[in-house]
Every structure is written in structure tokens, then in C-alpha cells.
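What follows is target24.cif (mmCIF, C-alpha atoms).
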data_input
loop_
_atom_site.label_atom_id
_atom_site.label_comp_id
_atom_site.auth_asym_id
_atom_site.auth_seq_id
_atom_site.Cartn_x
_atom_site.Cartn_y
_atom_site.Cartn_z
CA MET A 1 0.00 0.00 0.00
CA THR A 2 1.37 3.41 -1.00
CA SER A 3 1.84 5.93 1.79
CA THR A 4 0.47 9.40 1.14
CA PHE A 5 0.47 12.77 2.81
CA PRO A 6 -2.88 13.93 4.22
CA ASP A 7 -4.96 16.54 2.42
CA ILE A 8 -4.02 19.42 4.70
CA SER A 9 -3.82 23.18 5.06
CA LEU A 10 -1.18 24.99 7.12
CA SER A 11 -1.31 28.51 8.50
CA THR A 12 1.30 30.93 9.81
CA ASP A 13 0.98 34.49 11.05
CA ARG A 14 0.82 35.81 7.49
CA LEU A 15 0.17 32.87 5.19
CA VAL A 16 -2.18 30.01 4.42
CA LEU A 17 -0.78 26.96 2.62
CA ARG A 18 -3.58 24.93 1.06
CA PRO A 19 -4.42 22.66 -1.89
CA PHE A 20 -4.67 24.35 -5.27
CA GLU A 21 -8.04 25.56 -6.51
CA GLU A 22 -9.39 26.46 -9.93
CA ALA A 23 -9.46 30.11 -8.88
CA ASP A 24 -5.65 30.03 -8.63
CA ILE A 25 -5.20 29.45 -12.37
CA PRO A 26 -4.74 33.07 -13.62
CA ALA A 27 -2.29 34.04 -10.86
CA LEU A 28 -0.44 30.73 -11.20
CA ALA A 29 0.02 31.16 -14.95
CA GLU A 30 1.31 34.71 -14.46
CA MET A 31 3.70 33.71 -11.65
CA MET A 32 5.19 30.74 -13.49
CA SER A 33 5.84 32.87 -16.57
CA ASP A 34 8.19 35.17 -14.64
CA GLU A 35 11.77 35.34 -15.94
CA LEU A 36 13.40 34.11 -12.71
CA VAL A 37 11.03 31.15 -12.54
CA THR A 38 11.84 30.32 -16.15
CA ALA A 39 15.58 30.64 -15.48
CA TRP A 40 15.79 28.41 -12.39
CA THR A 41 13.10 25.77 -12.88
CA ALA A 42 12.35 23.04 -15.39
CA LEU A 43 8.78 24.26 -15.93
CA PRO A 44 7.48 24.51 -19.48
CA HIS A 45 8.17 27.81 -21.23
CA PRO A 46 6.04 29.55 -22.13
CA TYR A 47 3.90 28.55 -19.15
CA THR A 48 0.35 28.79 -20.46
CA THR A 49 -3.04 29.04 -18.83
CA ALA A 50 -3.61 25.46 -19.96
CA GLU A 51 -0.50 24.37 -18.05
CA ALA A 52 -1.74 26.20 -14.95
CA ARG A 53 -5.18 24.61 -15.28
CA ALA A 54 -3.72 21.11 -15.61
CA TRP A 55 -1.66 21.65 -12.48
CA ALA A 56 -4.34 23.27 -10.34
CA THR A 57 -7.13 20.85 -11.28
CA GLY A 58 -5.28 17.56 -11.47
CA LYS A 59 -1.50 17.25 -11.43
CA ALA A 60 -1.02 18.88 -8.01
CA ALA A 61 -3.50 16.52 -6.36
CA ALA A 62 -1.96 13.53 -8.15
CA LEU A 63 1.42 14.32 -6.58
CA ARG A 64 -0.17 13.59 -3.21
CA THR A 65 -2.48 10.70 -4.09
CA THR A 66 0.30 8.72 -5.78
CA GLY A 67 2.52 9.09 -2.71
CA ARG A 68 5.22 11.04 -4.54
CA GLY A 69 4.85 14.25 -2.55
CA LEU A 70 2.60 17.21 -1.81
CA ALA A 71 1.83 20.50 -3.57
CA LEU A 72 0.46 23.53 -1.74
CA ALA A 73 -0.60 26.97 -2.90
CA VAL A 74 0.80 29.70 -0.65
CA THR A 75 -1.59 32.61 -0.10
CA GLU A 76 -1.64 35.76 2.02
CA PHE A 77 -3.83 35.31 5.08
CA LEU A 78 -5.47 38.74 4.81
CA THR A 79 -5.88 39.15 1.04
CA GLN A 80 -5.94 35.47 -0.06
CA ARG A 81 -3.68 36.52 -2.93
CA LEU A 82 -1.43 33.78 -4.35
CA VAL A 83 2.08 34.37 -2.98
CA GLY A 84 3.76 31.27 -4.36
CA THR A 85 3.95 27.51 -4.20
CA VAL A 86 5.68 24.89 -2.07
CA HIS A 87 5.96 21.29 -3.15
CA LEU A 88 7.45 18.06 -1.84
CA GLU A 89 8.71 15.43 -4.27
CA ASN A 90 10.97 12.37 -4.48
CA THR A 91 9.50 11.20 -1.18
CA ASP A 92 11.00 8.05 0.35
CA TRP A 93 8.51 6.69 2.87
CA ARG A 94 10.86 4.00 4.19
CA ILE A 95 13.52 6.43 5.37
CA ARG A 96 11.06 9.29 5.95
CA SER A 97 12.84 11.70 3.63
CA THR A 98 11.61 14.11 0.95
CA GLU A 99 12.80 17.01 -1.21
CA ILE A 100 11.26 20.48 -1.11
CA GLY A 101 10.97 23.15 -3.77
CA TYR A 102 9.28 26.54 -3.91
CA VAL A 103 8.40 29.47 -6.13
CA THR A 104 7.54 33.01 -5.07
CA ALA A 105 5.55 35.49 -7.15
CA PRO A 106 7.58 38.52 -8.33
CA TRP A 107 5.45 40.99 -6.37
CA ALA A 108 5.91 39.02 -3.13
CA ARG A 109 9.70 38.66 -3.16
CA GLY A 110 11.76 40.22 -0.40
CA GLU A 111 9.04 39.75 2.24
CA GLY A 112 10.34 36.49 3.71
CA TYR A 113 7.37 34.51 2.39
CA ALA A 114 9.49 31.70 0.94
CA SER A 115 11.33 30.97 4.18
CA GLU A 116 8.11 31.31 6.19
CA SER A 117 6.24 28.80 4.05
CA VAL A 118 9.13 26.33 3.77
CA LEU A 119 9.71 26.41 7.51
CA ALA A 120 6.00 25.82 8.14
CA VAL A 121 6.11 22.71 5.96
CA ALA A 122 9.32 21.51 7.62
CA GLN A 123 7.85 21.89 11.11
CA TRP A 124 4.74 20.01 10.09
CA LEU A 125 6.76 17.25 8.42
CA PHE A 126 8.98 16.69 11.45
CA HIS A 127 6.44 17.17 14.23
CA HIS A 128 3.32 15.65 12.68
CA GLU A 129 4.48 13.26 9.94
CA LYS A 130 7.62 12.13 11.83
CA PHE A 131 9.93 12.71 8.87
CA GLU A 132 13.68 12.60 9.54
CA ARG A 133 15.16 14.50 6.61
CA LEU A 134 14.18 17.34 4.29
CA GLU A 135 16.40 17.99 1.28
CA LEU A 136 16.71 21.13 -0.81
CA ARG A 137 18.73 21.60 -3.99
CA THR A 138 19.65 25.03 -5.33
CA ALA A 139 21.41 26.01 -8.54
CA ALA A 140 24.90 27.36 -7.87
CA ASP A 141 24.02 30.92 -8.96
CA ASN A 142 20.53 31.02 -7.43
CA THR A 143 21.55 33.07 -4.40
CA ALA A 144 17.98 33.96 -3.42
CA SER A 145 17.08 30.29 -2.99
CA GLN A 146 20.29 29.67 -1.08
CA GLN A 147 19.39 32.47 1.34
CA VAL A 148 16.08 30.74 2.06
CA ALA A 149 17.92 27.51 2.89
CA GLN A 150 20.32 29.32 5.21
CA LYS A 151 17.59 31.32 6.92
CA ILE A 152 15.62 28.24 8.00
CA GLY A 153 18.71 26.45 9.28
CA CYS A 154 19.60 24.08 6.42
CA ILE A 155 23.09 22.60 6.32
CA SER A 156 25.03 22.62 3.06
CA GLU A 157 26.18 19.08 2.34
CA GLY A 158 28.07 19.48 -0.92
CA VAL A 159 27.89 20.13 -4.64
CA LEU A 160 26.50 17.97 -7.42
CA ARG A 161 28.68 19.04 -10.32
CA ASN A 162 27.07 19.82 -13.66
CA ALA A 163 23.82 18.31 -12.39
CA TRP A 164 21.21 20.83 -13.52
CA ILE A 165 20.11 22.65 -16.64
CA ALA A 166 19.11 26.27 -16.05
CA ARG A 167 18.06 28.80 -18.67
CA SER A 168 19.71 32.07 -19.67
CA ARG A 169 18.52 34.95 -21.84
CA THR A 170 20.07 35.26 -25.28
CA GLU A 171 20.88 38.51 -27.07
CA ASP A 172 17.80 38.18 -29.26
CA GLY A 173 15.52 37.86 -26.21
CA GLY A 174 15.11 34.11 -26.33
CA TRP A 175 16.30 31.45 -23.94
CA THR A 176 19.17 28.98 -24.03
CA ASP A 177 19.96 26.05 -21.76
CA ILE A 178 23.07 26.24 -19.56
CA ARG A 179 24.51 23.49 -17.38
CA THR A 180 25.18 24.34 -13.75
CA ASP A 181 26.07 22.78 -10.41
CA LEU A 182 23.54 22.03 -7.69
CA ILE A 183 24.17 22.74 -4.01
CA VAL A 184 22.59 20.09 -1.77
CA TRP A 185 21.13 21.27 1.55
CA SER A 186 19.49 19.23 4.27
CA LEU A 187 17.32 19.92 7.28
CA LEU A 188 16.89 17.47 10.16
CA PRO A 189 14.48 17.79 13.10
CA GLU A 190 17.27 18.88 15.47
CA ASP A 191 18.30 21.65 13.06
CA LEU A 192 15.07 23.49 13.88
CA ASP A 193 16.11 24.12 17.48
CA GLY A 194 16.10 27.89 17.91
CA VAL A 195 14.95 28.61 14.35
CA PRO A 196 11.45 29.95 15.28
CA GLY A 197 13.07 32.47 17.61
CA ARG A 198 15.48 33.61 14.94
CA MET A 199 12.65 33.90 12.46
CA ALA A 200 10.62 35.96 14.92
CA ASP A 201 13.54 38.32 15.33
CA ALA A 202 13.50 38.78 11.56
CA ASN A 203 9.74 39.48 11.49
CA GLY A 204 9.00 35.84 10.76
CA PHE A 205 6.64 33.61 12.72
CA THR A 206 6.56 30.91 15.34
CA TYR A 207 4.82 27.60 14.73
CA PRO A 208 2.25 26.69 12.10
CA GLU A 209 -1.21 25.36 12.68
CA TRP A 210 -2.67 22.63 10.50
CA ASN A 211 -5.95 20.91 9.89
#

Just dump the structure as C-alpha cells.
Amino acid sequence: MTSTFPDISLSTDRLVLRPFEEADIPALAEMMSDELVTAWTALPHPYTTAEARAWATGKAAALRTTGRGLALAVTEFLTQRLVGTVHLENTDWRIRSTEIGYVTAPWARGEGYASESVLAVAQWLFHHEKFERLELRTAADNTASQQVAQKIGCISEGVLRNAWIARSRTEDGGWTDIRTDLIVWSLLPEDLDGVPGRMADANGFTYPEWN
């Protein structure tokens, strides 16, 4: 029998992390078409409304029901506006380990939303689902993503050389593939000791609630 994550929602002081809904489609399509998202992810480009619809109405849920991971829309608590996404993938239920990825909308960057949402998922994974390892991989030049990893207490474990294909703008305005290294980060339950306090000092949050 395949293990699966529950169909849950998480909340922090500023955010609600919940399953995707059809109403998310326009904002999702706009967010995933951003240049930084195109550069650092393997998402289709251009990212169309049809792609967003397929994700929001089927593919996101299938990630959970097949046991491979979990996909959550990240929204502002007060406005309900789509801030970004957080997803778990490559989940190994035997060793209780999974990999996390995230995207933040251009308008929401610089507010600490990525670290707040990732930390909420990590706390839930360790405290409620009894996971023992959370892994994060960042492209060597993706400093913004690396800052998220550092902020929530991840430990850098090493470099996977030439292990990723990013995208770079060409002179004519198009895109070209470029090979790059990946930095591997990990977070264990004991690494969270003291993190909520440090986050609070940086206008972050304490512990999430879930249902």
C-alpha cells in the first residue's frame, strides 16, 4: 500500500498553505511565466493558462495521491492573494525523507514569504508526519534560494557538479539552456532548534497550525 500525505492546510501568522483551486489558475500562470522562474526551474516555457489549469485541477493533487509528494498553494492570510507555491517530491517513505521546492511570485519577493512557508512545511513534516530528513537543492548561482535555505537552518552538504540545466537569456531575447552545479542542503528535526526564535527576530513567525 502506498503511503500518502494527508490533504491538509497549514497557516502561519501571514500565510495560508492549502491545496490548489481552480481560482488560482490566472495568478499561477502569471507567476510561473516570470523570468526568474523560467531561469531556475524546469517548468514549461512559455507557461500557459492550460498548463496552470492542468496543475491546479489535477497534477497537483496527483502528486499527493500517488505518494510522490505534496503540492500547496501559498496565499496571504489577509488578502488570499497567491504568494507562491511549495511542493514536496521524491519522497521516500521508508527512510522518511523528501525534497522540497518553492516558487515566489515577483510581487511578493523580499518579504520572507518563501522561508516562512518552507519552515512551516518543515515543522509540520517533522512534528506531525515524523519525517527525519528534508532535502533542498539550489542552482549554484541562485543566491535567493540559497538564502532561504540558510535562513531556515539548512546545512550545506556538498555540490553535485554539472547536475542541472538552467536557462539564460540570449541577445535576441530568447532562452538557451546552460549546465550548472547544484548545491545540496538538508534539514533534520534537530536543526530546527532555535529557528522559530530567529525567524521571529526577523519578522517571521513561530509555529504553524494545521488541519

Could you tell me how far CA of Val148 (chain A) sits from CA of Trp185 (chain A), in Å to one decimal place? 10.7 Å

If the PyMOL selection byres ((chain A and resi 16-32) around 9) is run on the structure shown, which residues does it catch, given as a VMD selection string? chain A and resid 7 to 15 33 to 38 43 to 53 55 to 57 60 to 61 70 to 77 80 to 86 103 to 106 117 120 to 121

One decimal, Å: what's the distance from CA of Asp92 (chain A) over to CA of Asn142 (chain A), could you say?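 Interatomic distance here is 26.1 Å.
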
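Ranking A:Lys130, A:Pro189, A:Phe5, A:Gly110 by their shortest atom-to-atom distance to Gly67 (chain A), with all atoms listed in the file included, puts A:Phe5 first.
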
Convert the output of the PyMOL selection byres ((chain A and resi 183) around 6) on the shown file into explicit residues, formatted as a PyMOL selection string. chain A and resi 137-138+158-159+182+184

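One finds CA of Tyr102 (chain A) at 21.0 Å from CA of Leu78 (chain A).
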
Rank A:Pro6, A:Arg169, A:Ala62, A:Ala54 by their smallest atom-to-atom distance to His128 (chain A), using all atoms listed in the file, and report the top residue only.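 Smallest distance to His128 (chain A) is found for A:Pro6.
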
Env of Gly153 (chain A): 7 Å cut, atoms = all atoms listed in the file, seq-sep filter 2 positions within chain, self excluded. Answer as number ranges by chain. A: 149-151, 155, 187, 191-192, 195

Target residues per the PyMOL selection byres ((chain A and resi 93) around 9), formatted as a PyMOL selection string: chain A and resi 2-4+67+91-92+94-98+131

Box time for region 161-176 of chain A: axis-aligned, enclosing all its listed atoms, 3 Å extra on each side; report centre and edge lengths in Å to one decimal, as AutoDock Vina command-line options.
--center_x 21.9 --center_y 28.4 --center_z -19.8 --size_x 19.6 --size_y 26.2 --size_z 24.9

Considering only C-alpha atoms, state which residue in the set A:His127, A:Arg161, A:Arg167, A:Arg179 is at the smallest distance from Ala42 (chain A).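 For Ala42 (chain A), the nearest of the candidates is A:Arg167.
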